[in-house]
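Remarks on the structure that follows.
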Amino acid sequence: MREPGFSELAGRVAAGLTALRDGLRIVPYYWGGAHGATLAAGGVSLPAQVDAGGTARGLGLGLAEGPAVDDDTAAAWAALYSDWYAELALAAAGAEPVVERPPGSVPPEQKLQVQLSALAAQGDAPAAELGPGLARAATDLAAHPLLGPAADALDPDDLTPLAARSLAARVIAEALNADAPLVPVGDTRDAVVDRLTEALGAPPRGTERGLRSLLLRAAGSAASRAVVRRRRALTEAAHPAAGDILRYLSRGEAVRADLRTLVAGLEPPVVLVCHSLGGIIALDTLISAPLPQVRLLVTAGSQGPFLYESGSLPTLEHPAPLPPHVPDWLNLYDRRDLLSYLGAGLFPGRVTDVAVDSRQPFPAAHSAYWTNPAVYRHIVDRLP
């Protein structure tokens, strides 16, 4: 967290705590200004973004030569990996209201269903370069309830490559979910889509036209711009979380020393209230040397337990126990926050894990602790 956001957050935390308990003195520790990560050379280590038209969009100071990058197409595929029926749903949404078909007419999706069944009978071989799962994907797609509405809305020559992309996206997504060590490059993926398109009864046309006509127009460009903004944010120190973690783990003594100095000048009892990396810093500081003023450690969305269990916490290596001088530890976590971890199982009797629910998905859940009234109640209930 950097200014001006840090002061806003500190003010919110102070208001939330003092509203429930009179007489508290809230002392912010703005470690990010002096000890947070910065890109000392202005970001020259970040590759320039080059769009499909050859225009360079530099994130740092240097623009390295490289191939053109079609971020929009990559973003559209990212959306398909997240939901391989996304294009099918978009197509079905554009279908006309269902009317009764003339007797003896053949539903427009029937031909594709036959082709999908024939493709499933071949097993996974037609998409072997992508990984296993093609036969199951084809069977499921043939029975999908949106296939009929999509077939009503699209020309058959548009529906077939859409189906091929759906199949390829599912196979790759399942490989990603299984942490497969190898994922095919886009050229291989596109070649398989062409082959599947032909196997489903249409001449291969590649993937470009269909992606741009449906999914890309709905989500791809916005997703691509978001990716670029996230990388630019690291350069501009607006959200340098990864850099802060790496810097702290390699050169963390200075920030711990400053925290010890700050705490040493405070009247006891002191409670350290920390979020995310702040909790790691506070935990390490308390482990490394006694701070008798501190009577309680409060962490929210903390990775400290994970770093300890994985052997990455700088001041304590598993299975060593917490030193006796470390105070009571209240660890608040949200089950939807994928950056929050539990400590009670690692340090029995020394950590109290308390679940809170922001009703937000990740990553929003990681930033929603300080707008959750339950968080303040749990903290104040345990103040000395």
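Letters for chains follow the order of the structure tokens (A, B, ...), residue numbers begin at 1 for each chain, and ligand numbers begin at 1 in the order shown.
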
field: Near-range 134-146 of chain A list (12 Å; only C-alpha atoms; drop same-chain fewer than 4 positions) as a PyMOL selection string
entry: chain A and resi 84-95+109-130+150-153+159-160+162-175+192-193+196+199-200

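Ranking A:Asn331, A:Gly301, A:Tyr30, A:Asp22 by their shortest atom-to-atom distance to Gly345 in chain A, with only C-alpha atoms included, puts A:Asn331 first.
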
I need the alpha helix (DSSP H) residues of range 107-224 of chain A per DSSP on the backbone, written as a short mmCIF file (atom, residue, chain, number, x, y, z; two decimals) with N, CA, C and O atoms, in the first residue's frame.
data_model
loop_
_atom_site.label_atom_id
_atom_site.label_comp_id
_atom_site.auth_asym_id
_atom_site.auth_seq_id
_atom_site.Cartn_x
_atom_site.Cartn_y
_atom_site.Cartn_z
N GLN A 110 -28.57 -30.69 -35.04
CA GLN A 110 -28.48 -32.15 -35.12
C GLN A 110 -27.25 -32.61 -35.89
O GLN A 110 -26.55 -33.55 -35.48
N LYS A 111 -26.94 -31.95 -37.00
CA LYS A 111 -25.77 -32.36 -37.78
C LYS A 111 -24.51 -32.24 -36.96
O LYS A 111 -23.65 -33.13 -36.96
N LEU A 112 -24.38 -31.14 -36.21
CA LEU A 112 -23.18 -30.96 -35.39
C LEU A 112 -23.14 -32.00 -34.28
O LEU A 112 -22.06 -32.51 -33.93
N GLN A 113 -24.28 -32.35 -33.71
CA GLN A 113 -24.30 -33.36 -32.66
C GLN A 113 -23.81 -34.70 -33.20
O GLN A 113 -23.06 -35.42 -32.52
N VAL A 114 -24.21 -35.03 -34.42
CA VAL A 114 -23.73 -36.28 -35.03
C VAL A 114 -22.22 -36.23 -35.21
O VAL A 114 -21.50 -37.20 -34.92
N GLN A 115 -21.72 -35.10 -35.69
CA GLN A 115 -20.28 -34.97 -35.91
C GLN A 115 -19.52 -35.02 -34.58
O GLN A 115 -18.42 -35.59 -34.49
N LEU A 116 -20.07 -34.40 -33.53
CA LEU A 116 -19.43 -34.45 -32.23
C LEU A 116 -19.37 -35.87 -31.69
O LEU A 116 -18.37 -36.28 -31.09
N SER A 117 -20.44 -36.62 -31.88
CA SER A 117 -20.44 -38.02 -31.44
C SER A 117 -19.40 -38.83 -32.20
O SER A 117 -18.70 -39.68 -31.63
N ALA A 118 -19.28 -38.58 -33.51
CA ALA A 118 -18.27 -39.28 -34.30
C ALA A 118 -16.87 -38.89 -33.84
O ALA A 118 -15.96 -39.73 -33.78
N LEU A 119 -16.68 -37.61 -33.49
CA LEU A 119 -15.37 -37.16 -33.01
C LEU A 119 -15.05 -37.81 -31.67
O LEU A 119 -13.91 -38.25 -31.43
N ALA A 120 -16.05 -37.91 -30.79
CA ALA A 120 -15.83 -38.55 -29.49
C ALA A 120 -15.43 -40.00 -29.64
O ALA A 120 -14.64 -40.52 -28.85
N ALA A 121 -15.97 -40.65 -30.67
CA ALA A 121 -15.64 -42.06 -30.89
C ALA A 121 -14.18 -42.27 -31.25
O ALA A 121 -13.65 -43.38 -31.11
N LEU A 134 -10.50 -34.86 -24.93
CA LEU A 134 -11.30 -34.45 -26.08
C LEU A 134 -12.60 -35.24 -26.18
O LEU A 134 -13.67 -34.66 -26.43
N ALA A 135 -12.54 -36.55 -26.00
CA ALA A 135 -13.74 -37.39 -26.18
C ALA A 135 -14.83 -36.96 -25.20
O ALA A 135 -16.00 -36.82 -25.57
N ARG A 136 -14.46 -36.75 -23.95
CA ARG A 136 -15.45 -36.33 -22.95
C ARG A 136 -15.98 -34.94 -23.28
O ARG A 136 -17.18 -34.66 -23.14
N ALA A 137 -15.10 -34.06 -23.73
CA ALA A 137 -15.53 -32.70 -24.08
C ALA A 137 -16.52 -32.71 -25.23
O ALA A 137 -17.52 -31.97 -25.21
N ALA A 138 -16.27 -33.54 -26.23
CA ALA A 138 -17.17 -33.62 -27.39
C ALA A 138 -18.53 -34.19 -26.98
O ALA A 138 -19.58 -33.70 -27.43
N THR A 139 -18.52 -35.20 -26.13
CA THR A 139 -19.77 -35.80 -25.68
C THR A 139 -20.60 -34.79 -24.89
O THR A 139 -21.82 -34.67 -25.09
N ASP A 140 -19.94 -34.06 -24.02
CA ASP A 140 -20.66 -33.07 -23.20
C ASP A 140 -21.19 -31.92 -24.04
O ASP A 140 -22.30 -31.42 -23.81
N LEU A 141 -20.41 -31.48 -25.02
CA LEU A 141 -20.86 -30.38 -25.87
C LEU A 141 -22.07 -30.79 -26.70
O LEU A 141 -23.00 -30.00 -26.89
N ALA A 142 -22.08 -32.02 -27.18
CA ALA A 142 -23.22 -32.50 -27.99
C ALA A 142 -24.51 -32.47 -27.19
O ALA A 142 -25.60 -32.26 -27.76
N LEU A 147 -26.57 -25.59 -27.03
CA LEU A 147 -26.17 -25.86 -28.41
C LEU A 147 -27.30 -25.56 -29.39
O LEU A 147 -27.08 -24.99 -30.46
N GLY A 148 -28.52 -25.93 -29.03
CA GLY A 148 -29.66 -25.67 -29.90
C GLY A 148 -29.90 -24.19 -30.14
O GLY A 148 -29.98 -23.75 -31.30
N PRO A 149 -30.02 -23.38 -29.07
CA PRO A 149 -30.19 -21.94 -29.28
C PRO A 149 -29.05 -21.30 -30.06
O PRO A 149 -29.28 -20.41 -30.89
N ALA A 150 -27.81 -21.76 -29.82
CA ALA A 150 -26.68 -21.20 -30.56
C ALA A 150 -26.79 -21.57 -32.04
O ALA A 150 -26.49 -20.75 -32.91
N ALA A 151 -27.23 -22.79 -32.32
CA ALA A 151 -27.39 -23.21 -33.71
C ALA A 151 -28.49 -22.41 -34.41
O ALA A 151 -28.41 -22.13 -35.61
N ASP A 152 -29.52 -22.04 -33.67
CA ASP A 152 -30.58 -21.20 -34.25
C ASP A 152 -30.06 -19.81 -34.60
O ASP A 152 -30.54 -19.18 -35.55
N ALA A 153 -29.09 -19.32 -33.82
CA ALA A 153 -28.62 -17.95 -33.99
C ALA A 153 -27.51 -17.80 -35.01
O ALA A 153 -27.32 -16.73 -35.58
N PRO A 156 -24.27 -22.26 -39.89
CA PRO A 156 -23.50 -23.47 -39.59
C PRO A 156 -22.00 -23.28 -39.73
O PRO A 156 -21.21 -23.88 -38.97
N ASP A 157 -21.55 -22.46 -40.68
CA ASP A 157 -20.12 -22.24 -40.86
C ASP A 157 -19.52 -21.43 -39.72
O ASP A 157 -18.30 -21.43 -39.53
N ASP A 158 -20.35 -20.72 -38.95
CA ASP A 158 -19.87 -20.03 -37.76
C ASP A 158 -19.96 -20.91 -36.52
O ASP A 158 -19.14 -20.81 -35.62
N LEU A 159 -21.00 -21.76 -36.46
CA LEU A 159 -21.18 -22.62 -35.30
C LEU A 159 -20.07 -23.66 -35.18
O LEU A 159 -19.60 -23.96 -34.08
N THR A 160 -19.62 -24.21 -36.31
CA THR A 160 -18.64 -25.29 -36.26
C THR A 160 -17.30 -24.84 -35.68
O THR A 160 -16.78 -25.50 -34.77
N PRO A 161 -16.70 -23.74 -36.14
CA PRO A 161 -15.45 -23.31 -35.50
C PRO A 161 -15.65 -22.89 -34.05
O PRO A 161 -14.74 -23.05 -33.24
N LEU A 162 -16.83 -22.36 -33.72
CA LEU A 162 -17.11 -22.04 -32.32
C LEU A 162 -17.03 -23.32 -31.47
O LEU A 162 -16.44 -23.33 -30.39
N ALA A 163 -17.64 -24.39 -31.97
CA ALA A 163 -17.60 -25.66 -31.25
C ALA A 163 -16.17 -26.17 -31.13
O ALA A 163 -15.76 -26.69 -30.08
N ALA A 164 -15.38 -26.03 -32.19
CA ALA A 164 -13.99 -26.49 -32.15
C ALA A 164 -13.19 -25.71 -31.12
O ALA A 164 -12.38 -26.28 -30.38
N ARG A 165 -13.42 -24.40 -31.04
CA ARG A 165 -12.72 -23.61 -30.03
C ARG A 165 -13.13 -24.02 -28.62
O ARG A 165 -12.31 -24.07 -27.70
N SER A 166 -14.41 -24.30 -28.43
CA SER A 166 -14.88 -24.74 -27.12
C SER A 166 -14.19 -26.03 -26.70
O SER A 166 -13.76 -26.18 -25.55
N LEU A 167 -14.07 -26.97 -27.64
CA LEU A 167 -13.41 -28.24 -27.32
C LEU A 167 -11.94 -28.02 -26.97
O LEU A 167 -11.44 -28.56 -25.97
N ALA A 168 -11.25 -27.24 -27.77
CA ALA A 168 -9.83 -26.99 -27.51
C ALA A 168 -9.63 -26.26 -26.18
O ALA A 168 -8.73 -26.59 -25.41
N ALA A 169 -10.50 -25.27 -25.90
CA ALA A 169 -10.37 -24.52 -24.66
C ALA A 169 -10.57 -25.42 -23.46
O ALA A 169 -9.86 -25.31 -22.45
N ARG A 170 -11.51 -26.34 -23.54
CA ARG A 170 -11.75 -27.23 -22.40
C ARG A 170 -10.56 -28.14 -22.17
O ARG A 170 -10.14 -28.33 -21.01
N VAL A 171 -10.01 -28.71 -23.22
CA VAL A 171 -8.87 -29.62 -23.05
C VAL A 171 -7.68 -28.88 -22.42
O VAL A 171 -7.03 -29.37 -21.50
N ILE A 172 -7.41 -27.67 -22.92
CA ILE A 172 -6.29 -26.90 -22.38
C ILE A 172 -6.58 -26.46 -20.95
O ILE A 172 -5.70 -26.53 -20.07
N ALA A 173 -7.81 -26.03 -20.68
CA ALA A 173 -8.16 -25.59 -19.33
C ALA A 173 -8.01 -26.73 -18.33
O ALA A 173 -7.53 -26.52 -17.21
N GLU A 174 -8.39 -27.92 -18.71
CA GLU A 174 -8.26 -29.05 -17.80
C GLU A 174 -6.79 -29.41 -17.58
O GLU A 174 -6.41 -29.84 -16.49
N ALA A 175 -5.96 -29.21 -18.62
CA ALA A 175 -4.53 -29.41 -18.43
C ALA A 175 -3.96 -28.38 -17.46
O ALA A 175 -3.14 -28.69 -16.60
N LEU A 176 -4.42 -27.12 -17.57
CA LEU A 176 -3.97 -26.08 -16.65
C LEU A 176 -4.42 -26.38 -15.23
O LEU A 176 -3.66 -26.22 -14.27
N ASN A 177 -5.66 -26.83 -15.08
CA ASN A 177 -6.18 -27.15 -13.75
C ASN A 177 -5.44 -28.32 -13.11
O ASN A 177 -5.37 -28.42 -11.88
N GLY A 186 0.22 -21.09 -28.85
CA GLY A 186 -0.99 -20.71 -29.58
C GLY A 186 -1.04 -21.26 -31.00
O GLY A 186 -2.11 -21.60 -31.49
N ASP A 187 0.12 -21.36 -31.68
CA ASP A 187 0.12 -21.89 -33.04
C ASP A 187 -0.36 -23.33 -33.05
O ASP A 187 -1.13 -23.74 -33.94
N THR A 188 0.09 -24.12 -32.09
CA THR A 188 -0.36 -25.51 -32.00
C THR A 188 -1.84 -25.58 -31.70
O THR A 188 -2.58 -26.36 -32.31
N ARG A 189 -2.28 -24.77 -30.75
CA ARG A 189 -3.70 -24.73 -30.41
C ARG A 189 -4.55 -24.38 -31.63
O ARG A 189 -5.56 -25.04 -31.92
N ASP A 190 -4.12 -23.36 -32.39
CA ASP A 190 -4.91 -22.92 -33.54
C ASP A 190 -4.93 -23.99 -34.63
O ASP A 190 -5.94 -24.16 -35.31
N ALA A 191 -3.82 -24.70 -34.79
CA ALA A 191 -3.78 -25.78 -35.79
C ALA A 191 -4.75 -26.90 -35.41
O ALA A 191 -5.43 -27.47 -36.27
N VAL A 192 -4.82 -27.21 -34.11
CA VAL A 192 -5.76 -28.23 -33.67
C VAL A 192 -7.20 -27.76 -33.86
O VAL A 192 -8.07 -28.53 -34.28
N VAL A 193 -7.47 -26.48 -33.59
CA VAL A 193 -8.81 -25.95 -33.82
C VAL A 193 -9.19 -26.08 -35.29
O VAL A 193 -10.32 -26.47 -35.62
N ASP A 194 -8.27 -25.77 -36.18
CA ASP A 194 -8.55 -25.93 -37.62
C ASP A 194 -8.89 -27.39 -37.93
O ASP A 194 -9.83 -27.68 -38.68
N ARG A 195 -8.12 -28.30 -37.35
CA ARG A 195 -8.34 -29.72 -37.61
C ARG A 195 -9.69 -30.18 -37.05
O ARG A 195 -10.42 -30.96 -37.69
N LEU A 196 -10.04 -29.71 -35.86
CA LEU A 196 -11.33 -30.08 -35.28
C LEU A 196 -12.49 -29.48 -36.07
O LEU A 196 -13.53 -30.11 -36.25
N THR A 197 -12.29 -28.25 -36.54
CA THR A 197 -13.32 -27.61 -37.36
C THR A 197 -13.62 -28.45 -38.59
O THR A 197 -14.79 -28.67 -38.96
N GLU A 198 -12.56 -28.94 -39.23
CA GLU A 198 -12.75 -29.78 -40.42
C GLU A 198 -13.41 -31.10 -40.04
O GLU A 198 -14.30 -31.60 -40.76
N ALA A 199 -13.01 -31.68 -38.91
CA ALA A 199 -13.60 -32.95 -38.48
C ALA A 199 -15.08 -32.80 -38.16
O ALA A 199 -15.84 -33.77 -38.27
N GLU A 208 -9.49 -16.71 -36.09
CA GLU A 208 -9.50 -15.26 -35.92
C GLU A 208 -10.90 -14.66 -36.07
O GLU A 208 -11.34 -13.90 -35.23
N ARG A 209 -11.59 -15.00 -37.15
CA ARG A 209 -12.86 -14.33 -37.42
C ARG A 209 -13.89 -14.59 -36.33
O ARG A 209 -14.56 -13.69 -35.86
N GLY A 210 -13.98 -15.86 -35.89
CA GLY A 210 -14.98 -16.18 -34.88
C GLY A 210 -14.72 -15.52 -33.56
O GLY A 210 -15.62 -15.01 -32.91
N LEU A 211 -13.45 -15.52 -33.12
CA LEU A 211 -13.13 -14.89 -31.85
C LEU A 211 -13.47 -13.41 -31.88
O LEU A 211 -13.99 -12.85 -30.94
N ARG A 212 -13.15 -12.74 -32.98
CA ARG A 212 -13.41 -11.31 -33.03
C ARG A 212 -14.91 -11.01 -33.15
O ARG A 212 -15.36 -9.97 -32.69
N SER A 213 -15.67 -11.93 -33.71
CA SER A 213 -17.09 -11.63 -33.90
C SER A 213 -17.92 -11.87 -32.65
O SER A 213 -18.99 -11.30 -32.51
N LEU A 215 -16.68 -13.55 -28.79
CA LEU A 215 -16.10 -13.41 -27.47
C LEU A 215 -15.22 -12.19 -27.34
O LEU A 215 -15.27 -11.47 -26.35
N SER A 221 -10.95 -7.30 -25.47
CA SER A 221 -10.18 -6.06 -25.44
C SER A 221 -10.07 -5.52 -24.03
O SER A 221 -9.02 -5.07 -23.60
N ALA A 222 -11.18 -5.57 -23.28
CA ALA A 222 -11.13 -5.07 -21.90
C ALA A 222 -10.18 -5.91 -21.06
O ALA A 222 -9.42 -5.38 -20.25
N ALA A 223 -10.21 -7.23 -21.25
CA ALA A 223 -9.31 -8.09 -20.49
C ALA A 223 -7.86 -7.81 -20.84
O ALA A 223 -6.98 -7.77 -19.98
N SER A 224 -7.61 -7.58 -22.12
CA SER A 224 -6.24 -7.27 -22.54
C SER A 224 -5.75 -5.98 -21.92
O SER A 224 -4.62 -5.91 -21.42
#

For range 314-326 of chain A, list every protein, DNA or RNA residue within 9 Å, evaluated using only C-alpha atoms, and leave out those in the same chain fewer than 6 positions away; present the list as a PDB file with N, CA and C atoms, in the first residue's frame.
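Result file is around.pdb:
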ATOM      1  N   LEU A 249      11.728 -10.504   1.617  1.00  0.00           N
ATOM      2  CA  LEU A 249      12.326 -11.808   1.893  1.00  0.00           C
ATOM      3  C   LEU A 249      13.840 -11.798   1.684  1.00  0.00           C
ATOM      4  N   SER A 250      14.330 -10.912   0.835  1.00  0.00           N
ATOM      5  CA  SER A 250      15.775 -10.866   0.591  1.00  0.00           C
ATOM      6  C   SER A 250      16.487  -9.817   1.443  1.00  0.00           C
ATOM      7  N   GLY A 252      14.997  -7.875   4.485  1.00  0.00           N
ATOM      8  CA  GLY A 252      13.931  -7.466   5.387  1.00  0.00           C
ATOM      9  C   GLY A 252      14.364  -6.904   6.718  1.00  0.00           C
ATOM     10  N   LEU A 283       5.251 -10.597  12.341  1.00  0.00           N
ATOM     11  CA  LEU A 283       5.564 -11.910  12.899  1.00  0.00           C
ATOM     12  C   LEU A 283       7.070 -12.125  12.962  1.00  0.00           C
ATOM     13  N   ASP A 284       7.767 -11.840  11.879  1.00  0.00           N
ATOM     14  CA  ASP A 284       9.225 -11.983  11.871  1.00  0.00           C
ATOM     15  C   ASP A 284       9.880 -11.111  12.932  1.00  0.00           C
ATOM     16  N   THR A 285       9.387  -9.882  13.071  1.00  0.00           N
ATOM     17  CA  THR A 285       9.957  -8.959  14.057  1.00  0.00           C
ATOM     18  C   THR A 285       9.777  -9.498  15.471  1.00  0.00           C
ATOM     19  N   LEU A 286       8.604 -10.029  15.758  1.00  0.00           N
ATOM     20  CA  LEU A 286       8.336 -10.556  17.096  1.00  0.00           C
ATOM     21  C   LEU A 286       9.124 -11.830  17.373  1.00  0.00           C
ATOM     22  N   ILE A 287       9.362 -12.633  16.353  1.00  0.00           N
ATOM     23  CA  ILE A 287      10.142 -13.857  16.536  1.00  0.00           C
ATOM     24  C   ILE A 287      11.613 -13.535  16.785  1.00  0.00           C
ATOM     25  N   SER A 288      12.132 -12.549  16.063  1.00  0.00           N
ATOM     26  CA  SER A 288      13.576 -12.315  16.061  1.00  0.00           C
ATOM     27  C   SER A 288      14.097 -11.776  17.387  1.00  0.00           C
ATOM     28  N   ALA A 289      13.289 -11.038  18.156  1.00  0.00           N
ATOM     29  CA  ALA A 289      13.725 -10.492  19.435  1.00  0.00           C
ATOM     30  C   ALA A 289      12.507 -10.124  20.260  1.00  0.00           C
ATOM     31  N   PRO A 290      12.597 -10.254  21.587  1.00  0.00           N
ATOM     32  CA  PRO A 290      11.436  -9.929  22.424  1.00  0.00           C
ATOM     33  C   PRO A 290      11.056  -8.462  22.313  1.00  0.00           C
ATOM     34  N   LEU A 291       9.755  -8.209  22.264  1.00  0.00           N
ATOM     35  CA  LEU A 291       9.193  -6.862  22.340  1.00  0.00           C
ATOM     36  C   LEU A 291       8.121  -6.907  23.426  1.00  0.00           C
ATOM     37  N   PRO A 292       8.532  -6.738  24.672  1.00  0.00           N
ATOM     38  CA  PRO A 292       7.584  -6.955  25.783  1.00  0.00           C
ATOM     39  C   PRO A 292       6.395  -6.008  25.758  1.00  0.00           C
ATOM     40  N   VAL A 294       4.471  -5.510  23.323  1.00  0.00           N
ATOM     41  CA  VAL A 294       3.434  -6.066  22.457  1.00  0.00           C
ATOM     42  C   VAL A 294       2.740  -7.215  23.176  1.00  0.00           C
ATOM     43  N   ARG A 295       1.431  -7.081  23.362  1.00  0.00           N
ATOM     44  CA  ARG A 295       0.655  -8.110  24.068  1.00  0.00           C
ATOM     45  C   ARG A 295      -0.209  -8.950  23.113  1.00  0.00           C
ATOM     46  N   LEU A 296      -0.387  -8.464  21.874  1.00  0.00           N
ATOM     47  CA  LEU A 296      -1.239  -9.199  20.936  1.00  0.00           C
ATOM     48  C   LEU A 296      -0.796  -8.879  19.510  1.00  0.00           C
ATOM     49  N   LEU A 297      -0.731  -9.915  18.684  1.00  0.00           N
ATOM     50  CA  LEU A 297      -0.508  -9.770  17.241  1.00  0.00           C
ATOM     51  C   LEU A 297      -1.811 -10.101  16.527  1.00  0.00           C
ATOM     52  N   LEU A 307       4.365 -19.310   4.685  1.00  0.00           N
ATOM     53  CA  LEU A 307       5.814 -19.161   4.547  1.00  0.00           C
ATOM     54  C   LEU A 307       6.538 -20.035   5.557  1.00  0.00           C
ATOM     55  N   TYR A 308       6.020 -20.105   6.781  1.00  0.00           N
ATOM     56  CA  TYR A 308       6.646 -20.956   7.797  1.00  0.00           C
ATOM     57  C   TYR A 308       6.600 -22.428   7.380  1.00  0.00           C
ATOM     58  N   LEU A 346      -0.305 -25.230  12.965  1.00  0.00           N
ATOM     59  CA  LEU A 346       1.154 -25.198  12.974  1.00  0.00           C
ATOM     60  C   LEU A 346       1.706 -24.843  14.347  1.00  0.00           C
ATOM     61  N   PHE A 347       0.962 -24.000  15.075  1.00  0.00           N
ATOM     62  CA  PHE A 347       1.400 -23.537  16.397  1.00  0.00           C
ATOM     63  C   PHE A 347       0.270 -23.776  17.399  1.00  0.00           C
ATOM     64  N   ARG A 350      -1.055 -21.420  20.382  1.00  0.00           N
ATOM     65  CA  ARG A 350      -0.420 -20.105  20.271  1.00  0.00           C
ATOM     66  C   ARG A 350      -1.151 -19.173  19.310  1.00  0.00           C
TER      67      ARG A 350
END

- request: For CA of Gly304 in chain A and CA of Leu338 in chain A, determine how far apart the two atoms are, in Å to one decimal place.
  value: 13.1 Å

message: as a PyMOL selection string, please: the residues near Ser367 in chain A (cut-off 10 Å, only C-alpha atoms, same-chain neighbours under 3 positions excluded).
response: chain A and resi 275-276+300-301+337+358+360+362-364+370-371

What does the file look like for those residues with N, CA, C and O atoms, as a PDB file, in the first residue's frame?
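Wrote out23.pdb, looks like this:
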ATOM      1  N   HIS A 275      -1.976  -6.401   7.984  1.00  0.00           N
ATOM      2  CA  HIS A 275      -2.658  -6.970   6.824  1.00  0.00           C
ATOM      3  C   HIS A 275      -1.627  -7.526   5.851  1.00  0.00           C
ATOM      4  O   HIS A 275      -0.624  -6.873   5.569  1.00  0.00           O
ATOM      5  N   SER A 276      -1.850  -8.746   5.363  1.00  0.00           N
ATOM      6  CA  SER A 276      -1.063  -9.347   4.291  1.00  0.00           C
ATOM      7  C   SER A 276       0.428  -9.353   4.622  1.00  0.00           C
ATOM      8  O   SER A 276       0.831  -9.899   5.651  1.00  0.00           O
ATOM      9  N   ALA A 300      -4.480 -10.178   9.357  1.00  0.00           N
ATOM     10  CA  ALA A 300      -5.626 -10.398   8.477  1.00  0.00           C
ATOM     11  C   ALA A 300      -5.090 -10.700   7.082  1.00  0.00           C
ATOM     12  O   ALA A 300      -4.212  -9.996   6.588  1.00  0.00           O
ATOM     13  N   GLY A 301      -5.602 -11.753   6.462  1.00  0.00           N
ATOM     14  CA  GLY A 301      -5.121 -12.123   5.133  1.00  0.00           C
ATOM     15  C   GLY A 301      -3.631 -12.399   5.132  1.00  0.00           C
ATOM     16  O   GLY A 301      -2.917 -11.941   4.247  1.00  0.00           O
ATOM     17  N   ASP A 337     -10.436 -15.755   0.377  1.00  0.00           N
ATOM     18  CA  ASP A 337      -9.178 -15.045   0.178  1.00  0.00           C
ATOM     19  C   ASP A 337      -8.065 -16.069   0.021  1.00  0.00           C
ATOM     20  O   ASP A 337      -7.630 -16.689   0.999  1.00  0.00           O
ATOM     21  N   SER A 358     -16.403 -11.786   3.849  1.00  0.00           N
ATOM     22  CA  SER A 358     -16.708 -10.518   3.184  1.00  0.00           C
ATOM     23  C   SER A 358     -17.764 -10.685   2.093  1.00  0.00           C
ATOM     24  O   SER A 358     -18.254  -9.698   1.553  1.00  0.00           O
ATOM     25  N   GLN A 360     -17.145 -11.573  -0.798  1.00  0.00           N
ATOM     26  CA  GLN A 360     -16.501 -11.118  -2.028  1.00  0.00           C
ATOM     27  C   GLN A 360     -15.665 -12.251  -2.598  1.00  0.00           C
ATOM     28  O   GLN A 360     -15.112 -13.067  -1.859  1.00  0.00           O
ATOM     29  N   PHE A 362     -12.299 -13.756  -4.673  1.00  0.00           N
ATOM     30  CA  PHE A 362     -10.897 -13.381  -4.750  1.00  0.00           C
ATOM     31  C   PHE A 362     -10.642 -12.706  -6.108  1.00  0.00           C
ATOM     32  O   PHE A 362     -11.189 -13.126  -7.099  1.00  0.00           O
ATOM     33  N   PRO A 363      -9.819 -11.640  -6.194  1.00  0.00           N
ATOM     34  CA  PRO A 363      -8.963 -11.088  -5.148  1.00  0.00           C
ATOM     35  C   PRO A 363      -9.620 -10.021  -4.282  1.00  0.00           C
ATOM     36  O   PRO A 363      -8.991  -9.502  -3.364  1.00  0.00           O
ATOM     37  N   ALA A 364     -10.882  -9.658  -4.570  1.00  0.00           N
ATOM     38  CA  ALA A 364     -11.517  -8.619  -3.771  1.00  0.00           C
ATOM     39  C   ALA A 364     -11.567  -9.003  -2.299  1.00  0.00           C
ATOM     40  O   ALA A 364     -11.461  -8.139  -1.411  1.00  0.00           O
ATOM     41  N   TRP A 370     -11.084  -4.645   5.960  1.00  0.00           N
ATOM     42  CA  TRP A 370     -11.203  -3.408   6.737  1.00  0.00           C
ATOM     43  C   TRP A 370     -12.492  -2.655   6.471  1.00  0.00           C
ATOM     44  O   TRP A 370     -12.701  -1.570   7.006  1.00  0.00           O
ATOM     45  N   THR A 371     -13.377  -3.223   5.667  1.00  0.00           N
ATOM     46  CA  THR A 371     -14.740  -2.710   5.542  1.00  0.00           C
ATOM     47  C   THR A 371     -15.741  -3.681   6.157  1.00  0.00           C
ATOM     48  O   THR A 371     -16.946  -3.494   6.020  1.00  0.00           O
TER      49      THR A 371
END

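The two atoms in question, CA of Phe6 in chain A and CA of Ala34 in chain A, are spaced 13.3 Å apart.
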
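Here the question is which of A:Arg2, A:Tyr341, A:Gln293, A:Glu267 gets nearest to Ile280 in chain A using only C-alpha atoms, and that residue is A:Tyr341.
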
- line: One decimal place gives the CA of Pro203 in chain A-CA of Trp77 in chain A separation as 21.4 Å

task: Excluding Ala374 in chain A and any residue of its chain fewer than 6 positions from it, enumerate the residues within 12 Å of it, using only C-alpha atoms, and give them as an MDAnalysis selection string.
output: chainID A and resid 16:17 20 332:334 354:358 368 380:381
